[in-house]
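*Asks:* Sharing a structure below in structure tokens format, with a few things to ask.
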Amino acid sequence: MSGFSVPAADGVPPRPGAGGTGAGAGADAGAGAGVPAAGPTGALGPAGGFGPGGHGPGGQGPGSAPGAGPYRAPGAPAPQPFQWLRPSDPERKAPATGRTVLAAVLAGLLSSWLLIDGLGVNLLLCAAVVTVGAGAAARAAGRRPRVWTVLWSALALALLTVPALYEADWPVLLSTVSAVGLASLALHGGRRWSGVLLALPGLLWQLVPGLVWAGRTLRGRRAGKRGQVVPVLKGVLVAVVLLTVFGALFAGADAAMANVLGSLVPSLDLGELPPRAALFVLGLATALGFAHIAAGPRRWDRTAVRPGRARGRLEWALPLAALNLMFGAFVVLQAVVVLGGAEAILERTGMSRSEYARQGFWQLLVVTVLTLVVVALAKRWAPRGTEADRRLVRLLLGALCLLTLVVVAAALGRMWFYVDASGLTTRRLWVLAVEIWLGVVFVLLIVAGLTPSAGWLPRAAVLSAVAAAAVYGLMGPDAMVAEHNVARFERTGQIDLRNVRYLSVDAVPALDRLPGDYRTCALSLVAFNLRADGSAPWYATSLAESRARAILAERPLPDRLSDGENACDRVGMSRDYAFEG
């Protein structure tokens with residue numbers, strides 16, 4: 001599926017084999033430009049499940065034989081032996097319009113004006129202008145939004161609300177990067193693995209071409225068209241003069257108006273000119289890059305990925321059967337541990353609760369990730385000559401995925417065991433979220449292996465990752481960690497202040513409930529950093545920072561950071577700040 005549908009008369013001739021039917025078809029039926037029905041498309045096959053590539057619904061292009069590679073038009077050159085990835089053909093680009101360029105310039109100006117002070121609502125404002133420019137470019141190219149375009153775009157905007165709500169660096173970075181990738185996917189479209197995965201970073205290689213595209217279009221405009229820019233520039237100049245004069249008068253007449261205008265007008269510090277110029281170029285290039293994609297995306301779904309050479313049944317099945325047996329032994333052992341009780345295991349191993357949990361979790365996390373790699377590679381080299389081969393593939397890979405779910409459950413149990421013994425940290429919460437998402441991916445693989453048509457899997461996998469990133473960011477990890485540790489303190493009287501002292505301002509409401517020196521120790525670094533940073537403009541201030549400043553203004557802490565260190569000594573926190581994640 002492309003991000004927008006393109007009318008049939010867009011000048012792009014249909015390819016042979018366009019409109020191939022079945023789950024493995026290489027493009028959406030409504031994409032407009034013809035796309036051949038694809039054969040094997042990569043590690044997880046055309047349908048993405050356990051069925052070997054090249055067989056089943058939609059596995060072949062017109063006239064192709066079972067087990068053949070992707071459909072190739074008569075007379076087309078054969079792929080080179082080592083060229084397993086062949087780039088797709090670019091779409092014809094519609095020229096940039098005046099609205100698109102104007103929106104891009106406005107995005108650059110907003111970026112240089114608003115983003116210099118930090119991230120907050122300003123990121124949403126800049127994204128809204130970029131969206132308008134991309135929409136104008138798509139409309140000029142005759143493209144119409146489709147369901148998945150709207151879904152990916154809405155999720156991208158939802159992710160950009162995280163900086164407006166919370167202050168923690170890692171969730172904000174993850175949400176911002178995910179939003180940019182989703183916006184690129186929304187404009188490119190894609191339903192196969194190649195189309196989805198290659199579209200996510202698509203903006204990166206459109207930044208410079210977008211600038212060239214806009215510049216070439218502007219140079220090609222007629223002189224009469226250029227003359228239309230002069231009245232606009234004159235109008236802008238007159239507006240600036242009027243706003244400056246009357247703004248100064250209103251500011252002198254009313255102090256509240258002066259504060260409002262002062263927060264809106266950017267500073268003229270010469271030292272800020274280089275970063276502001278860099279932000280302007282970044283905003284301009286980003287807006288034109290997205291508009292360049294919207295005007296005619298590269299059809300990554302057309303990328304041909306050659307299948308791996310099918311191995312013999314014994315050569316392929318023997319290592320997987322052995323791996324399944326090892327996983328089965330681990331599952332049986334976990335059942336024995338659960339039935340026999342963890343305390344008996346701890347007594348025999350001589351480990352503490354936290355040592356036992358910490359030792360097991362990280363290894364099980366690596367096992368989960370490596371198993372995903374094994375499934376992908378095994379699918380690529382799976383035997384696919386007969387129906388018996390295909391049943392064997394589904395059986396062994398399905399069993400491995402089911403057993404891996406038990407490993408995921410064991411890893412989650414180990415980490416919860418660890419959290420119960422030592423408290424929650426941001427790192428522990430992050431790996432818990434990743435492990436849960438990996439479990440969801442294995443569930444999707446199992447469902448795809450049981451269904452005759454699993455062309456939905458690539459987009460479902462990306463959707464699950466985006467949902468995980470959105471939930472992780474919107475729940476406020478630092479606030480959640482602080483809440484868990486404070487609740488544990490209220491229940492048991494125990495807290496490891498090293499787990500909460502270095503959290504962001506998101507944690508202030510929960511840490512404010514701690515008594516006396518515990519509160520002073522936990523909040524001293526946050527209060528010191530807020531005083532050192534000063535107040536940011538409203539558009540660069542998160543809701544969490546505003547709430548934290550209000551709490552600390554109502555119940556202030558000592559001004560000196562050393563008072564917080566002394567409070568930590570009084571509650572018994574070691575000056576050795578190194579601790580296990």
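Ordering of the structure tokens sets the chain letters (A, B, ...); residue numbers start at 1 within each chain; ligands are numbered from 1 in the order shown.
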Among region 236-422 of chain A, which ones does DSSP place in helix (DSSP H, G or I), written as JSON, numbers by chain?
*Replies:* {"A": [236, 237, 238, 239, 240, 241, 242, 243, 244, 245, 246, 247, 248, 249, 250, 251, 252, 253, 255, 256, 257, 258, 259, 260, 261, 262, 263, 264, 270, 271, 272, 273, 274, 275, 276, 277, 278, 279, 280, 281, 282, 283, 284, 285, 286, 287, 288, 289, 290, 291, 292, 293, 294, 295, 300, 301, 302, 313, 314, 315, 316, 317, 318, 319, 320, 321, 322, 323, 324, 325, 326, 327, 328, 329, 330, 331, 332, 333, 334, 335, 336, 337, 338, 339, 340, 342, 343, 344, 345, 346, 347, 348, 349, 353, 354, 355, 356, 357, 358, 359, 360, 361, 362, 363, 364, 365, 366, 367, 368, 369, 370, 371, 372, 373, 374, 375, 376, 377, 378, 379, 380, 387, 388, 389, 390, 391, 392, 393, 394, 395, 396, 397, 398, 399, 400, 401, 402, 403, 404, 405, 406, 407, 408, 409, 410, 411, 412, 413, 414, 415, 416, 417, 418, 419, 420, 421, 422]}
*Asks:* Could you name the residues that touch Ile293 (chain A) at 10 Å or less, counting only C-alpha atoms, but leaving out those on the same chain fewer than 6 positions away, as JSON, numbers by chain?
*Replies:* {"A": [3, 91, 93, 134, 137, 138, 184, 185, 186, 187, 188, 202, 203, 206, 207, 209, 210]}
*Asks:* As JSON, numbers by chain, please: the residues near Cys126 (chain A) (cut-off 10 Å, only C-alpha atoms, same-chain neighbours under 2 positions excluded).
*Replies:* {"A": [104, 106, 107, 108, 109, 110, 111, 114, 115, 121, 122, 123, 124, 128, 129, 130, 131, 283, 287]}
*Asks:* Those residues you just picked out, can you put them in a file as a PDB file, in the first residue's frame with C-alpha atoms?
*Replies:*
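And here is the file that came out, result14.pdb:
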ATOM      1  CA  ALA A 104       8.915  24.855   4.562  1.00  0.00           C
ATOM      2  CA  LEU A 106       7.765  28.846   7.963  1.00  0.00           C
ATOM      3  CA  ALA A 107       8.843  25.504   9.492  1.00  0.00           C
ATOM      4  CA  GLY A 108      12.463  26.662   9.389  1.00  0.00           C
ATOM      5  CA  LEU A 109      11.620  29.982  11.036  1.00  0.00           C
ATOM      6  CA  LEU A 110       9.558  28.301  13.755  1.00  0.00           C
ATOM      7  CA  SER A 111      12.357  25.807  14.396  1.00  0.00           C
ATOM      8  CA  LEU A 114      11.039  27.951  19.220  1.00  0.00           C
ATOM      9  CA  LEU A 115      13.352  24.931  19.440  1.00  0.00           C
ATOM     10  CA  VAL A 121       4.615  22.100  22.681  1.00  0.00           C
ATOM     11  CA  ASN A 122       6.912  23.796  20.140  1.00  0.00           C
ATOM     12  CA  LEU A 123       7.682  20.415  18.560  1.00  0.00           C
ATOM     13  CA  LEU A 124       3.986  19.877  17.850  1.00  0.00           C
ATOM     14  CA  ALA A 128       1.841  20.842  12.223  1.00  0.00           C
ATOM     15  CA  VAL A 129       3.467  23.216   9.714  1.00  0.00           C
ATOM     16  CA  VAL A 130       5.523  20.362   8.202  1.00  0.00           C
ATOM     17  CA  THR A 131       2.303  18.347   7.849  1.00  0.00           C
ATOM     18  CA  GLY A 283      13.530  22.677   9.885  1.00  0.00           C
ATOM     19  CA  ALA A 287       9.835  20.064   5.755  1.00  0.00           C
TER      20      ALA A 287
END
*Asks:* Measure the distance from CA of Leu364 (chain A) to CA of Val407 (chain A) in Å and round it to one decimal.
*Replies:*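 These two atoms are separated by 6.6 Å.
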*Asks:* Which polymer residues have any atom within 12 Å of an atom of Leu395 (chain A), counting only C-alpha atoms, with same-chain residues fewer than 5 positions away left out, as a PyMOL selection string?
*Replies:* chain A and resi 49-51+317+320-321+324+388-390+400-402+446+449-450
*Asks:* Using only C-alpha atoms for the distances, tell me which of A:Pro558, A:Leu155, A:Met257, A:Val305 is nearest to Ser464 (chain A).
*Replies:*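 Under the stated criterion, the closest residue is A:Leu155.
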*Asks:* State, in Å with one decimal place, the distance from CA of Arg99 (chain A) to CA of Arg219 (chain A).
*Replies:*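 Straight-line distance from CA of Arg99 (chain A) to CA of Arg219 (chain A) works out to 15.6 Å.
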*Asks:* Out of A:Asp420, A:Glu387, A:Glu435, A:Asp117, which residue has the shortest atom-to-atom distance to Val367 (chain A) when counting only C-alpha atoms?
*Replies:* A:Glu435
*Asks:* How many Å lie between CA of Asn259 (chain A) and CA of Val526 (chain A), rounded to one decimal?
*Replies:* 26.4 Å
*Asks:* I need the residue nearest Arg549 (chain A) from this list: A:Gly296, A:Pro275, A:Pro509, A:Gly564. Use only C-alpha atoms for the distance.
*Replies:*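 Result for the nearest residue to Arg549 (chain A): A:Pro509.
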*Asks:* Go through A:Gly135, A:Ala548, A:Leu159, A:Ser178 one by one, measure the shortest atom-to-atom distance of each to Val462 (chain A) using only C-alpha atoms, and give the residue with the smallest value.
*Replies:*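 So, comparing all the options, the nearest one is A:Ser178.
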*Asks:* Tell me which protein, DNA and RNA residues are within 9 Å of Ala469 (chain A), counting only C-alpha atoms, leaving out same-chain ones fewer than 4 positions away, and put them as a tab-separated table (two decimals) with C-alpha atoms, in the first residue's frame.
*Replies:*
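Done, and the output landed in around14.tsv:
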chain	number	residue	atom	x	y	z
A	159	LEU	CA	4.25	10.42	20.05
A	171	PRO	CA	11.55	8.70	26.46
A	174	LEU	CA	12.61	7.63	21.59
A	175	SER	CA	9.22	9.25	20.95
A	178	SER	CA	9.72	7.09	16.32
A	433	ALA	CA	9.02	-3.00	28.24
A	464	SER	CA	3.30	-3.12	17.96
A	465	ALA	CA	6.69	-1.37	18.24
A	473	GLY	CA	6.64	7.49	26.73
A	474	LEU	CA	3.13	8.50	27.76
*Asks:* Show me, as a PDB file with C-alpha atoms, in the first residue's frame, the residues that have an atom within 9 Å of Arg311 (chain A) when counting only C-alpha atoms, minus same-chain residues fewer than 4 positions from it.
*Replies:*
ATOM      1  CA  GLU A 315      20.495 -30.241   7.126  1.00  0.00           C
ATOM      2  CA  TRP A 316      17.910 -27.623   8.048  1.00  0.00           C
ATOM      3  CA  TRP A 381      16.928 -21.073   4.198  1.00  0.00           C
ATOM      4  CA  ALA A 382      13.919 -23.298   4.861  1.00  0.00           C
ATOM      5  CA  PRO A 383      13.219 -26.251   2.535  1.00  0.00           C
ATOM      6  CA  ARG A 384      10.236 -25.474   0.326  1.00  0.00           C
TER       7      ARG A 384
END
